[in-house]
Amino acid sequence: MTKTVNHWIGGKTVEGTSGAYGPVTDPATGAVTTQVALASTEEVDAAVAAAKAAYATWGTSSLAQRTAILFRYRALLDAHRDDIAALITAEHGKVHSDALGEVARGLEIVELACGITTQLKGELSTQVSNRVDVSSIRQSLGVVAGITPFNFPAMVPMWMFPLAIACGNTFVLKPSEKDPSAANLLAELAAEAGLPDGVLNVLHGDKVAVDGLLNHPDVAAVSFVGSTPIARYIHATASANGKRVQALGGAKNHMLVLPDADLDAAADAAVSAAYGSAGERCMAISAVVAVGAIGDELVAKIRERAEKITIGPGNDPASEMGPLITAAHRDKVASYVTGAAAQGAEVVLDGTGHTVEGFENGHWIGLSLLDKVSTDSDAYRDEIFGPVLCVLRVDTYGDGIALMNASPFGNGTAIFTRDGGAARRFQLEVEAGMVGVNVPIPVPVGYHSFGGWKDSLFGDHHIYGNDGVHFYTRGKVVTTRWPDPADAPSGVDLGFPRNH
């Protein structure tokens with residue numbers, strides 16, 4: 001009998017009632033191992049209602065109560081790192097060490113939430129006028145929702161709900177239906193830590209569930225991470241319904257390599273950043289821009305390293321890269337490689353025919369390297385989201401920065417150079433939200449915020465860090481005058497308070 005992943009609503013497992021289920025596949029074998037319940041509109045209403053009921057008390061709970069639970073939650077997550085990572089590997093396919101890294105990066109935000117007391121401190125100005133004080137405070141929003149992608153089934157949810165609930169909100173999480181089990185374990189551990197019923201709910205589903213949350217009058221804000229077309233839709237729909245929205249979209253991250261760079265370090269970084277997690281991450285480097293005469297040497301070094309990567313099941317300690325999430329996605333990624341030569345690229349490595357012995361039905365693809373790629377080719381224009389690295393050639397730094405800034409995406413970028421002046425100029429001139437200097441994947445630590453520019457972000461707030469706290473709270477300013485007990489009543493004054 002096929003295992004079923006059900007919803008987590010009101011502090012307990014709730015079986016799906018819609019009658020609709022989605023398949024969950026082991027990417028290494030291609031076998032359907034699980035089915036996940038897909039929510040109906042009525043089930044969306046039930047999850048939001050549970051969160052709304054919990055907000056009545058959680059929204060007024062003390063900071064001490066919230067942080068005590070979060071500290072216990074952090075300890076439980078730490079103790080269950082391997083369990084969470086195993087679920088990620090089983091349903092997403094990434095290797096176990098990469099899954100453990102995902103959990104660790106999610107834990108950073110839980111740790112940030114444990115210290116929320118300092119983030120929520122207000123401001124006070126005394127005696128702004130005669131016996132008048134002004135204070136600024138931040139308060140929670142109510143019920144907030146998170147819609148998260150398949151590529152980081154634990155980390156991205158943990159980028160959202162720990163801060164949201166630390167700020168006093170209640171949360172409805174709609175994870176990807178392709179790898180849903182990690183989200184349920186995160187919720188179960190939160191309950192074990194003492195989180196009250198209904199504060200964190202997990203609702204599985206597809207577009208019905210997404211639209212239900214976007215249109216629900218009791219949902220105050222929506223966080224999203226995914227592709228640019230869906231991010232644009234999420235932002236437009238939720239904003240039209242009066243909701244606060246942060247919607248992080250896709251990317252085409254460039255790595256500019258200057259002639260003075262350490263080419264061995266640059267090649268190591270390009271391989272790690274392009275092919276790690278099989279390229280299924282929005283911060284992957286998918287375009288290397290080689291400046292001047294170094295292109296041939298750099299490509300040769302990248303190829304040498306890429307050919308040595310071991311591909312296999314994620315639970316095999318020898319594997320360095322696992323399969324792609326679905327067969328359909330594998331075929332789409334392969335199409336960019338098979339069509340590259342006709343669009344002018346030189347195919348240095350073609351991984352489209354790769355298989356793994358004993359796992360022939362898995363969603364396998366090898367590493368592909370395309371050189372001399374043109375900016376009007378499909379492989380360059382689209383976010384491939386797979387292990388395909390494009391190399392583009394330019395003559396000068398100025399040509400490189402112009403090429404990069406012409407991209408509609410502006411998520412992450414990097415420069416490799418020994419020249420501090422060039423690096424400083426780059427970080428000011430490049431049009432992207434996250435910049436690495438000799439760092440290929442510049443994902444900020446938890447107390448800074450993550451987010452891109454242009455078509456990589458819709459909304460005004462980046463995710464986690466200070467932006468995350470501001471997104472999940474709203475400001476209020478209170479002006480107060482208390483009469484001195486020694487004063488006699490002074491009568492009515494309809495004017496503004498005098499400042500001098």
# chains A, B, ... in the order shown; residues from 1 in each chain; ligands from 1
call {"tool": "select_by_dssp", "arguments": {"residues": "segment 187-339 of chain A", "states": "strand (DSSP E)", "output": "compact mmCIF listing (two decimals) with N, CA, C and O atoms, in the first residue's frame"}}
result
# COMPACT_ATOMS: atom_id res chain seq x y z
N LEU A 200 1.60 26.70 13.54
CA LEU A 200 2.24 26.29 12.30
C LEU A 200 1.43 25.16 11.67
O LEU A 200 1.23 24.12 12.30
N ASN A 201 0.95 25.38 10.47
CA ASN A 201 0.15 24.39 9.75
C ASN A 201 0.81 24.09 8.40
O ASN A 201 1.40 24.98 7.78
N VAL A 202 0.72 22.84 7.97
CA VAL A 202 1.28 22.44 6.68
C VAL A 202 0.14 21.95 5.80
O VAL A 202 -0.54 20.97 6.14
N VAL A 219 -5.77 35.78 5.23
CA VAL A 219 -4.32 35.69 5.07
C VAL A 219 -3.79 37.11 4.84
O VAL A 219 -4.17 37.77 3.88
N ALA A 220 -2.89 37.56 5.73
CA ALA A 220 -2.42 38.95 5.68
C ALA A 220 -1.20 39.13 4.79
O ALA A 220 -0.98 40.23 4.27
N ALA A 221 -0.39 38.08 4.63
CA ALA A 221 0.85 38.22 3.87
C ALA A 221 1.23 36.88 3.28
O ALA A 221 0.88 35.82 3.82
N VAL A 222 1.96 36.93 2.17
CA VAL A 222 2.38 35.72 1.47
C VAL A 222 3.87 35.83 1.14
O VAL A 222 4.32 36.83 0.57
N SER A 223 4.62 34.79 1.51
CA SER A 223 6.02 34.66 1.10
C SER A 223 6.11 33.55 0.06
O SER A 223 5.46 32.51 0.21
N PHE A 224 6.94 33.75 -0.95
CA PHE A 224 7.06 32.78 -2.03
C PHE A 224 8.49 32.72 -2.52
O PHE A 224 9.18 33.74 -2.61
N VAL A 225 8.94 31.53 -2.86
CA VAL A 225 10.20 31.32 -3.58
C VAL A 225 9.92 30.33 -4.70
O VAL A 225 9.34 29.26 -4.45
N ARG A 244 0.32 41.77 1.84
CA ARG A 244 1.74 42.04 1.74
C ARG A 244 2.41 40.84 1.07
O ARG A 244 2.07 39.70 1.38
N VAL A 245 3.35 41.08 0.14
CA VAL A 245 3.93 39.98 -0.64
C VAL A 245 5.45 40.14 -0.74
O VAL A 245 5.95 41.23 -1.00
N GLN A 246 6.15 39.04 -0.52
CA GLN A 246 7.55 38.93 -0.95
C GLN A 246 7.61 37.69 -1.84
O GLN A 246 7.32 36.59 -1.39
N ALA A 247 7.95 37.89 -3.10
CA ALA A 247 7.95 36.78 -4.06
C ALA A 247 9.30 36.75 -4.76
O ALA A 247 9.60 37.62 -5.58
N LEU A 248 10.09 35.75 -4.42
CA LEU A 248 11.42 35.59 -4.99
C LEU A 248 11.35 34.69 -6.22
O LEU A 248 10.80 33.58 -6.15
N ASN A 253 22.55 33.50 -12.87
CA ASN A 253 23.65 34.08 -12.11
C ASN A 253 24.96 33.99 -12.89
O ASN A 253 25.33 32.92 -13.38
N HIS A 254 25.66 35.12 -12.99
CA HIS A 254 26.89 35.22 -13.75
C HIS A 254 28.11 35.24 -12.82
O HIS A 254 28.05 35.77 -11.72
N MET A 255 29.20 34.70 -13.31
CA MET A 255 30.48 34.78 -12.62
C MET A 255 31.48 35.39 -13.59
O MET A 255 31.80 34.80 -14.63
N LEU A 256 31.93 36.59 -13.27
CA LEU A 256 32.88 37.31 -14.13
C LEU A 256 34.30 36.94 -13.70
O LEU A 256 34.66 37.09 -12.53
N VAL A 257 35.08 36.43 -14.63
CA VAL A 257 36.46 36.02 -14.33
C VAL A 257 37.41 36.94 -15.09
O VAL A 257 37.45 36.94 -16.33
N ILE A 285 25.59 29.18 -10.18
CA ILE A 285 26.24 29.91 -11.27
C ILE A 285 25.97 29.15 -12.56
O ILE A 285 26.34 27.99 -12.70
N SER A 286 25.27 29.79 -13.48
CA SER A 286 24.94 29.12 -14.74
C SER A 286 25.61 29.77 -15.93
O SER A 286 25.54 29.26 -17.05
N ALA A 287 26.29 30.91 -15.71
CA ALA A 287 26.97 31.60 -16.81
C ALA A 287 28.30 32.15 -16.31
O ALA A 287 28.34 32.99 -15.41
N VAL A 288 29.38 31.64 -16.87
CA VAL A 288 30.71 32.17 -16.58
C VAL A 288 31.08 33.12 -17.72
O VAL A 288 30.98 32.76 -18.90
N VAL A 289 31.48 34.33 -17.36
CA VAL A 289 31.88 35.33 -18.34
C VAL A 289 33.39 35.49 -18.25
O VAL A 289 33.93 36.03 -17.27
N ALA A 290 34.10 34.99 -19.25
CA ALA A 290 35.56 35.00 -19.26
C ALA A 290 36.04 36.24 -20.00
O ALA A 290 35.64 36.50 -21.14
N VAL A 291 36.92 37.01 -19.35
CA VAL A 291 37.40 38.27 -19.91
C VAL A 291 38.78 38.07 -20.53
O VAL A 291 39.69 37.53 -19.89
call {"tool": "select_by_dssp", "arguments": {"residues": "segment 225-258 of chain A", "states": "alpha helix (DSSP H)", "output": "number ranges by chain"}}
result
A: 228-240
call {"tool": "write_last_selection", "arguments": {"atoms": "all heavy atoms", "output": "short mmCIF file (atom, residue, chain, number, x, y, z; two decimals), in the first residue's frame"}}
result
data_model
loop_
_atom_site.label_atom_id
_atom_site.label_comp_id
_atom_site.auth_asym_id
_atom_site.auth_seq_id
_atom_site.Cartn_x
_atom_site.Cartn_y
_atom_site.Cartn_z
N THR A 228 10.29 32.76 -11.87
CA THR A 228 9.86 34.14 -12.10
C THR A 228 8.41 34.25 -12.58
O THR A 228 7.67 35.11 -12.09
CB THR A 228 10.83 34.83 -13.08
OG1 THR A 228 12.05 35.08 -12.38
CG2 THR A 228 10.27 36.13 -13.61
N PRO A 229 7.94 33.43 -13.53
CA PRO A 229 6.54 33.58 -13.94
C PRO A 229 5.56 33.38 -12.79
O PRO A 229 4.57 34.12 -12.67
CB PRO A 229 6.37 32.50 -15.02
CG PRO A 229 7.74 32.27 -15.54
CD PRO A 229 8.66 32.44 -14.37
N ILE A 230 5.83 32.39 -11.93
CA ILE A 230 4.93 32.16 -10.80
C ILE A 230 5.09 33.27 -9.76
O ILE A 230 4.10 33.71 -9.16
CB ILE A 230 5.18 30.77 -10.18
CG1 ILE A 230 5.06 29.68 -11.24
CG2 ILE A 230 4.16 30.51 -9.07
CD1 ILE A 230 3.73 29.65 -11.96
N ALA A 231 6.31 33.74 -9.54
CA ALA A 231 6.51 34.83 -8.59
C ALA A 231 5.73 36.07 -9.02
O ALA A 231 5.12 36.76 -8.20
CB ALA A 231 8.00 35.16 -8.48
N ARG A 232 5.76 36.35 -10.32
CA ARG A 232 5.02 37.50 -10.84
C ARG A 232 3.51 37.31 -10.61
O ARG A 232 2.80 38.25 -10.21
CB ARG A 232 5.31 37.68 -12.33
CG ARG A 232 4.69 38.91 -12.93
CD ARG A 232 5.01 39.05 -14.40
NE ARG A 232 6.38 39.54 -14.63
CZ ARG A 232 7.35 38.81 -15.15
NH1 ARG A 232 7.13 37.55 -15.51
NH2 ARG A 232 8.54 39.34 -15.34
N TYR A 233 3.03 36.09 -10.84
CA TYR A 233 1.60 35.79 -10.63
C TYR A 233 1.22 35.91 -9.15
O TYR A 233 0.19 36.49 -8.80
CB TYR A 233 1.30 34.38 -11.14
CG TYR A 233 -0.08 33.86 -10.78
CD1 TYR A 233 -1.20 34.29 -11.48
CD2 TYR A 233 -0.25 32.96 -9.72
CE1 TYR A 233 -2.46 33.83 -11.14
CE2 TYR A 233 -1.51 32.50 -9.39
CZ TYR A 233 -2.61 32.93 -10.09
OH TYR A 233 -3.86 32.47 -9.76
N ILE A 234 2.06 35.35 -8.29
CA ILE A 234 1.81 35.42 -6.84
C ILE A 234 1.72 36.87 -6.40
O ILE A 234 0.80 37.28 -5.67
CB ILE A 234 2.94 34.70 -6.06
CG1 ILE A 234 2.97 33.20 -6.38
CG2 ILE A 234 2.83 34.96 -4.56
CD1 ILE A 234 1.97 32.36 -5.68
N HIS A 235 2.69 37.67 -6.84
CA HIS A 235 2.73 39.07 -6.42
C HIS A 235 1.51 39.84 -6.92
O HIS A 235 0.88 40.58 -6.15
CB HIS A 235 4.01 39.73 -6.95
CG HIS A 235 4.18 41.16 -6.55
ND1 HIS A 235 3.96 42.20 -7.42
CD2 HIS A 235 4.52 41.72 -5.37
CE1 HIS A 235 4.17 43.34 -6.79
NE2 HIS A 235 4.51 43.09 -5.55
N ALA A 236 1.17 39.65 -8.18
CA ALA A 236 0.03 40.38 -8.74
C ALA A 236 -1.29 39.98 -8.07
O ALA A 236 -2.10 40.84 -7.72
CB ALA A 236 -0.04 40.14 -10.25
N THR A 237 -1.47 38.68 -7.87
CA THR A 237 -2.74 38.20 -7.32
C THR A 237 -2.89 38.57 -5.85
O THR A 237 -3.93 39.09 -5.43
CB THR A 237 -2.84 36.67 -7.48
OG1 THR A 237 -2.64 36.33 -8.86
CG2 THR A 237 -4.21 36.17 -7.04
N ALA A 238 -1.86 38.31 -5.06
CA ALA A 238 -1.96 38.60 -3.63
C ALA A 238 -2.03 40.10 -3.38
O ALA A 238 -2.78 40.56 -2.51
CB ALA A 238 -0.78 37.97 -2.89
N SER A 239 -1.25 40.88 -4.14
CA SER A 239 -1.29 42.34 -3.96
C SER A 239 -2.66 42.89 -4.31
O SER A 239 -3.17 43.80 -3.64
CB SER A 239 -0.22 43.01 -4.83
OG SER A 239 1.07 42.63 -4.44
N ALA A 240 -3.26 42.35 -5.36
CA ALA A 240 -4.61 42.80 -5.74
C ALA A 240 -5.62 42.51 -4.64
O ALA A 240 -6.65 43.19 -4.55
CB ALA A 240 -5.03 42.12 -7.04
#
call {"tool": "closest_atom_pairs", "arguments": {"of": "segment 120-165 of chain A", "to": "segment 467-475 of chain A", "cutoff": "8 Å", "atoms": "only C-alpha atoms", "output": "CSV"}}
result
residue,atom,partner,partner_atom,distance
A:Leu120,CA,A:Val469,CA,8.0
A:Ser136,CA,A:Gly475,CA,6.9
A:Ile137,CA,A:Gly475,CA,5.8
A:Arg138,CA,A:Gly475,CA,4.5
A:Gln139,CA,A:Thr473,CA,5.2
A:Ser140,CA,A:Thr473,CA,4.6
A:Leu141,CA,A:Thr473,CA,5.8
A:Met160,CA,A:Gly468,CA,7.8
A:Leu163,CA,A:Val469,CA,6.6
A:Ala164,CA,A:Tyr472,CA,5.6
call {"tool": "closest_residue", "arguments": {"among": "A:Cys282, A:Leu258, A:Met434, A:Ala145", "to": "Asn215 of chain A", "atoms": "only C-alpha atoms"}}
result
A:Ala145
call {"tool": "atom_distance", "arguments": {"atom1": "atom CA of Tyr397 of chain A", "atom2": "atom CA of Gly410 of chain A"}}
result
18.1 Å
call {"tool": "closest_residue", "arguments": {"among": "A:Val477, A:Leu100, A:Val333, A:Leu77", "to": "Asp382 of chain A", "atoms": "only C-alpha atoms"}}
result
A:Val333
call {"tool": "residues_around", "arguments": {"residues": "Ala56 of chain A", "least_positions_apart": "2", "cutoff": "12 Å", "atoms": "only C-alpha atoms", "output": "list in words"}}
result
Ala49, Ala50, Ala51, Lys52, Ala53, Ala54, Trp58, Gly59, Thr60, Ser61, Ser140, Leu141, Gly142, Val143, Gly168, Asn169, Thr170, Pro196, Asp197, Gly198 and Val199 of chain A
call {"tool": "write_last_selection", "arguments": {"atoms": "N, CA, C and O atoms", "output": "compact mmCIF listing (two decimals), in the first residue's frame"}}
result
# COMPACT_ATOMS: atom_id res chain seq x y z
N ALA A 49 -8.36 28.77 9.11
CA ALA A 49 -9.18 28.93 10.32
C ALA A 49 -8.42 28.48 11.56
O ALA A 49 -8.50 29.11 12.63
N ALA A 50 -7.66 27.39 11.45
CA ALA A 50 -6.86 26.91 12.58
C ALA A 50 -5.81 27.95 12.96
O ALA A 50 -5.55 28.21 14.14
N ALA A 51 -5.17 28.52 11.94
CA ALA A 51 -4.16 29.55 12.21
C ALA A 51 -4.78 30.80 12.81
O ALA A 51 -4.20 31.42 13.72
N LYS A 52 -5.94 31.18 12.32
CA LYS A 52 -6.61 32.38 12.84
C LYS A 52 -7.02 32.18 14.30
O LYS A 52 -6.86 33.09 15.14
N ALA A 53 -7.52 30.99 14.62
CA ALA A 53 -7.91 30.71 16.01
C ALA A 53 -6.69 30.75 16.93
O ALA A 53 -6.75 31.27 18.05
N ALA A 54 -5.57 30.20 16.46
CA ALA A 54 -4.36 30.19 17.28
C ALA A 54 -3.80 31.59 17.47
O ALA A 54 -3.20 31.89 18.51
N TRP A 58 -1.63 33.42 20.45
CA TRP A 58 -0.21 33.51 20.09
C TRP A 58 0.18 34.95 19.78
O TRP A 58 1.29 35.38 20.12
N GLY A 59 -0.71 35.71 19.17
CA GLY A 59 -0.39 37.09 18.82
C GLY A 59 -0.16 37.98 20.02
O GLY A 59 0.49 39.03 19.90
N THR A 60 -0.67 37.59 21.17
CA THR A 60 -0.46 38.37 22.39
C THR A 60 0.45 37.66 23.38
O THR A 60 0.58 38.09 24.53
N SER A 61 1.07 36.57 22.96
CA SER A 61 1.97 35.83 23.85
C SER A 61 3.24 36.63 24.09
O SER A 61 3.60 37.53 23.31
N SER A 140 2.68 42.17 15.10
CA SER A 140 2.47 41.08 14.14
C SER A 140 1.30 41.39 13.21
O SER A 140 0.48 42.28 13.47
N LEU A 141 1.22 40.61 12.12
CA LEU A 141 0.21 40.83 11.09
C LEU A 141 -1.03 39.99 11.28
O LEU A 141 -2.15 40.41 10.98
N GLY A 142 -0.87 38.74 11.74
CA GLY A 142 -1.99 37.80 11.84
C GLY A 142 -1.61 36.47 11.22
O GLY A 142 -0.56 35.90 11.53
N VAL A 143 -2.42 35.97 10.31
CA VAL A 143 -2.15 34.72 9.60
C VAL A 143 -1.31 35.05 8.37
O VAL A 143 -1.71 35.89 7.55
N GLY A 168 5.15 36.76 16.25
CA GLY A 168 3.80 36.69 16.80
C GLY A 168 2.73 36.32 15.81
O GLY A 168 1.54 36.31 16.16
N ASN A 169 3.11 36.00 14.56
CA ASN A 169 2.13 35.57 13.56
C ASN A 169 1.88 34.07 13.67
O ASN A 169 2.64 33.34 14.31
N THR A 170 0.83 33.60 13.03
CA THR A 170 0.64 32.17 12.81
C THR A 170 0.81 31.89 11.32
O THR A 170 0.69 32.80 10.50
N PRO A 196 2.16 25.90 20.25
CA PRO A 196 0.72 25.63 20.40
C PRO A 196 0.08 25.20 19.09
O PRO A 196 0.51 25.59 18.00
N ASP A 197 -0.97 24.41 19.22
CA ASP A 197 -1.70 23.91 18.06
C ASP A 197 -2.19 25.07 17.19
O ASP A 197 -2.72 26.06 17.70
N GLY A 198 -2.00 24.93 15.88
CA GLY A 198 -2.50 25.91 14.94
C GLY A 198 -1.54 27.04 14.62
O GLY A 198 -1.80 27.80 13.68
N VAL A 199 -0.45 27.17 15.37
CA VAL A 199 0.49 28.25 15.08
C VAL A 199 1.24 27.96 13.78
O VAL A 199 1.48 28.86 12.98
call {"tool": "closest_residue", "arguments": {"among": "A:Thr355, A:Thr326, A:Thr479, A:Met283", "to": "Gly436 of chain A", "atoms": "only C-alpha atoms"}}
result
A:Met283
call {"tool": "residues_around", "arguments": {"residues": "Ala46 of chain A", "least_positions_apart": "2", "cutoff": "12 Å", "atoms": "only C-alpha atoms", "output": "PDB file with N, CA and C atoms, in the first residue's frame"}}
result
ATOM      1  N   HIS A   7      -2.012  16.386   5.502  1.00  0.00           N
ATOM      2  CA  HIS A   7      -1.834  17.744   6.014  1.00  0.00           C
ATOM      3  C   HIS A   7      -1.522  17.712   7.510  1.00  0.00           C
ATOM      4  N   TRP A   8      -0.974  18.821   7.989  1.00  0.00           N
ATOM      5  CA  TRP A   8      -0.769  19.028   9.434  1.00  0.00           C
ATOM      6  C   TRP A   8      -1.505  20.315   9.791  1.00  0.00           C
ATOM      7  N   ILE A   9      -2.650  20.170  10.429  1.00  0.00           N
ATOM      8  CA  ILE A   9      -3.515  21.313  10.709  1.00  0.00           C
ATOM      9  C   ILE A   9      -3.937  21.267  12.174  1.00  0.00           C
ATOM     10  N   GLY A  10      -3.790  22.396  12.847  1.00  0.00           N
ATOM     11  CA  GLY A  10      -4.234  22.464  14.234  1.00  0.00           C
ATOM     12  C   GLY A  10      -3.468  21.545  15.169  1.00  0.00           C
ATOM     13  N   VAL A  14      -3.981  15.546   9.538  1.00  0.00           N
ATOM     14  CA  VAL A  14      -5.365  15.572   9.051  1.00  0.00           C
ATOM     15  C   VAL A  14      -5.376  14.945   7.661  1.00  0.00           C
ATOM     16  N   GLY A  16      -6.355  13.981   3.965  1.00  0.00           N
ATOM     17  CA  GLY A  16      -6.958  14.733   2.877  1.00  0.00           C
ATOM     18  C   GLY A  16      -8.355  14.235   2.563  1.00  0.00           C
ATOM     19  N   THR A  17      -9.230  15.173   2.231  1.00  0.00           N
ATOM     20  CA  THR A  17     -10.621  14.825   1.925  1.00  0.00           C
ATOM     21  C   THR A  17     -11.012  15.151   0.493  1.00  0.00           C
ATOM     22  N   ALA A  39      -4.904  19.609  -1.425  1.00  0.00           N
ATOM     23  CA  ALA A  39      -5.993  20.258  -0.700  1.00  0.00           C
ATOM     24  C   ALA A  39      -7.049  20.832  -1.628  1.00  0.00           C
ATOM     25  N   SER A  40      -8.264  20.785  -1.157  1.00  0.00           N
ATOM     26  CA  SER A  40      -9.377  21.487  -1.782  1.00  0.00           C
ATOM     27  C   SER A  40      -9.481  22.882  -1.170  1.00  0.00           C
ATOM     28  N   THR A  41     -10.346  23.710  -1.750  1.00  0.00           N
ATOM     29  CA  THR A  41     -10.568  25.045  -1.190  1.00  0.00           C
ATOM     30  C   THR A  41     -11.067  24.963   0.242  1.00  0.00           C
ATOM     31  N   GLU A  42     -11.897  23.966   0.536  1.00  0.00           N
ATOM     32  CA  GLU A  42     -12.416  23.800   1.893  1.00  0.00           C
ATOM     33  C   GLU A  42     -11.297  23.462   2.874  1.00  0.00           C
ATOM     34  N   GLU A  43     -10.318  22.689   2.418  1.00  0.00           N
ATOM     35  CA  GLU A  43      -9.196  22.364   3.296  1.00  0.00           C
ATOM     36  C   GLU A  43      -8.277  23.561   3.514  1.00  0.00           C
ATOM     37  N   VAL A  44      -8.150  24.416   2.496  1.00  0.00           N
ATOM     38  CA  VAL A  44      -7.439  25.677   2.685  1.00  0.00           C
ATOM     39  C   VAL A  44      -8.127  26.492   3.777  1.00  0.00           C
ATOM     40  N   VAL A  48      -6.447  27.803   7.360  1.00  0.00           N
ATOM     41  CA  VAL A  48      -6.421  29.224   7.720  1.00  0.00           C
ATOM     42  C   VAL A  48      -7.235  29.467   8.987  1.00  0.00           C
ATOM     43  N   ALA A  49      -8.357  28.769   9.115  1.00  0.00           N
ATOM     44  CA  ALA A  49      -9.181  28.933  10.317  1.00  0.00           C
ATOM     45  C   ALA A  49      -8.416  28.477  11.562  1.00  0.00           C
ATOM     46  N   ALA A  50      -7.659  27.386  11.447  1.00  0.00           N
ATOM     47  CA  ALA A  50      -6.863  26.912  12.584  1.00  0.00           C
ATOM     48  C   ALA A  50      -5.810  27.946  12.957  1.00  0.00           C
ATOM     49  N   ALA A  51      -5.175  28.523  11.944  1.00  0.00           N
ATOM     50  CA  ALA A  51      -4.162  29.548  12.206  1.00  0.00           C
ATOM     51  C   ALA A  51      -4.780  30.802  12.810  1.00  0.00           C
ATOM     52  N   LYS A  52      -5.938  31.181  12.322  1.00  0.00           N
ATOM     53  CA  LYS A  52      -6.613  32.379  12.843  1.00  0.00           C
ATOM     54  C   LYS A  52      -7.017  32.179  14.303  1.00  0.00           C
ATOM     55  N   ALA A  53      -7.522  30.994  14.625  1.00  0.00           N
ATOM     56  CA  ALA A  53      -7.911  30.715  16.012  1.00  0.00           C
ATOM     57  C   ALA A  53      -6.694  30.751  16.928  1.00  0.00           C
ATOM     58  N   VAL A 172       0.685  29.304   7.689  1.00  0.00           N
ATOM     59  CA  VAL A 172       0.237  28.186   6.855  1.00  0.00           C
ATOM     60  C   VAL A 172       1.294  27.981   5.770  1.00  0.00           C
ATOM     61  N   GLY A 198      -1.996  24.926  15.881  1.00  0.00           N
ATOM     62  CA  GLY A 198      -2.501  25.909  14.937  1.00  0.00           C
ATOM     63  C   GLY A 198      -1.544  27.037  14.617  1.00  0.00           C
ATOM     64  N   ASN A 201       0.952  25.382  10.468  1.00  0.00           N
ATOM     65  CA  ASN A 201       0.147  24.389   9.746  1.00  0.00           C
ATOM     66  C   ASN A 201       0.813  24.089   8.401  1.00  0.00           C
ATOM     67  N   VAL A 202       0.722  22.835   7.968  1.00  0.00           N
ATOM     68  CA  VAL A 202       1.280  22.441   6.677  1.00  0.00           C
ATOM     69  C   VAL A 202       0.137  21.946   5.804  1.00  0.00           C
ATOM     70  N   LEU A 203      -0.065  22.632   4.698  1.00  0.00           N
ATOM     71  CA  LEU A 203      -1.150  22.331   3.774  1.00  0.00           C
ATOM     72  C   LEU A 203      -0.536  21.906   2.446  1.00  0.00           C
ATOM     73  N   ALA A 209      -4.650  24.964  -3.969  1.00  0.00           N
ATOM     74  CA  ALA A 209      -4.233  25.411  -2.640  1.00  0.00           C
ATOM     75  C   ALA A 209      -3.575  26.793  -2.705  1.00  0.00           C
ATOM     76  N   GLY A 212      -6.161  29.389  -3.284  1.00  0.00           N
ATOM     77  CA  GLY A 212      -6.968  29.525  -2.077  1.00  0.00           C
ATOM     78  C   GLY A 212      -6.310  30.428  -1.051  1.00  0.00           C
ATOM     79  N   LEU A 213      -4.997  30.299  -0.898  1.00  0.00           N
ATOM     80  CA  LEU A 213      -4.275  31.155   0.048  1.00  0.00           C
ATOM     81  C   LEU A 213      -4.171  32.584  -0.463  1.00  0.00           C
ATOM     82  N   HIS A 216      -7.596  34.252   0.078  1.00  0.00           N
ATOM     83  CA  HIS A 216      -8.284  34.121   1.358  1.00  0.00           C
ATOM     84  C   HIS A 216      -8.257  35.440   2.127  1.00  0.00           C
ATOM     85  N   ASP A 218      -8.488  36.098   5.219  1.00  0.00           N
ATOM     86  CA  ASP A 218      -7.835  36.057   6.524  1.00  0.00           C
ATOM     87  C   ASP A 218      -6.322  35.855   6.444  1.00  0.00           C
TER      88      ASP A 218
END
call {"tool": "residues_around", "arguments": {"residues": "Leu124 of chain A", "least_positions_apart": "3", "cutoff": "8 Å", "atoms": "only C-alpha atoms", "output": "PDB file with N, CA, C and O atoms, in the first residue's frame"}}
result
ATOM      1  N   ASP A 133       5.554  62.299  24.774  1.00  0.00           N
ATOM      2  CA  ASP A 133       6.510  61.276  24.353  1.00  0.00           C
ATOM      3  C   ASP A 133       5.991  60.593  23.090  1.00  0.00           C
ATOM      4  O   ASP A 133       4.771  60.452  22.908  1.00  0.00           O
ATOM      5  N   VAL A 134       6.898  60.154  22.228  1.00  0.00           N
ATOM      6  CA  VAL A 134       6.531  59.421  21.014  1.00  0.00           C
ATOM      7  C   VAL A 134       7.306  58.108  20.983  1.00  0.00           C
ATOM      8  O   VAL A 134       8.532  58.100  21.152  1.00  0.00           O
ATOM      9  N   SER A 135       6.587  57.000  20.771  1.00  0.00           N
ATOM     10  CA  SER A 135       7.235  55.688  20.691  1.00  0.00           C
ATOM     11  C   SER A 135       6.843  55.004  19.385  1.00  0.00           C
ATOM     12  O   SER A 135       5.746  55.210  18.860  1.00  0.00           O
ATOM     13  N   SER A 136       7.768  54.209  18.855  1.00  0.00           N
ATOM     14  CA  SER A 136       7.510  53.406  17.657  1.00  0.00           C
ATOM     15  C   SER A 136       7.614  51.940  18.048  1.00  0.00           C
ATOM     16  O   SER A 136       8.590  51.524  18.684  1.00  0.00           O
TER      17      SER A 136
END
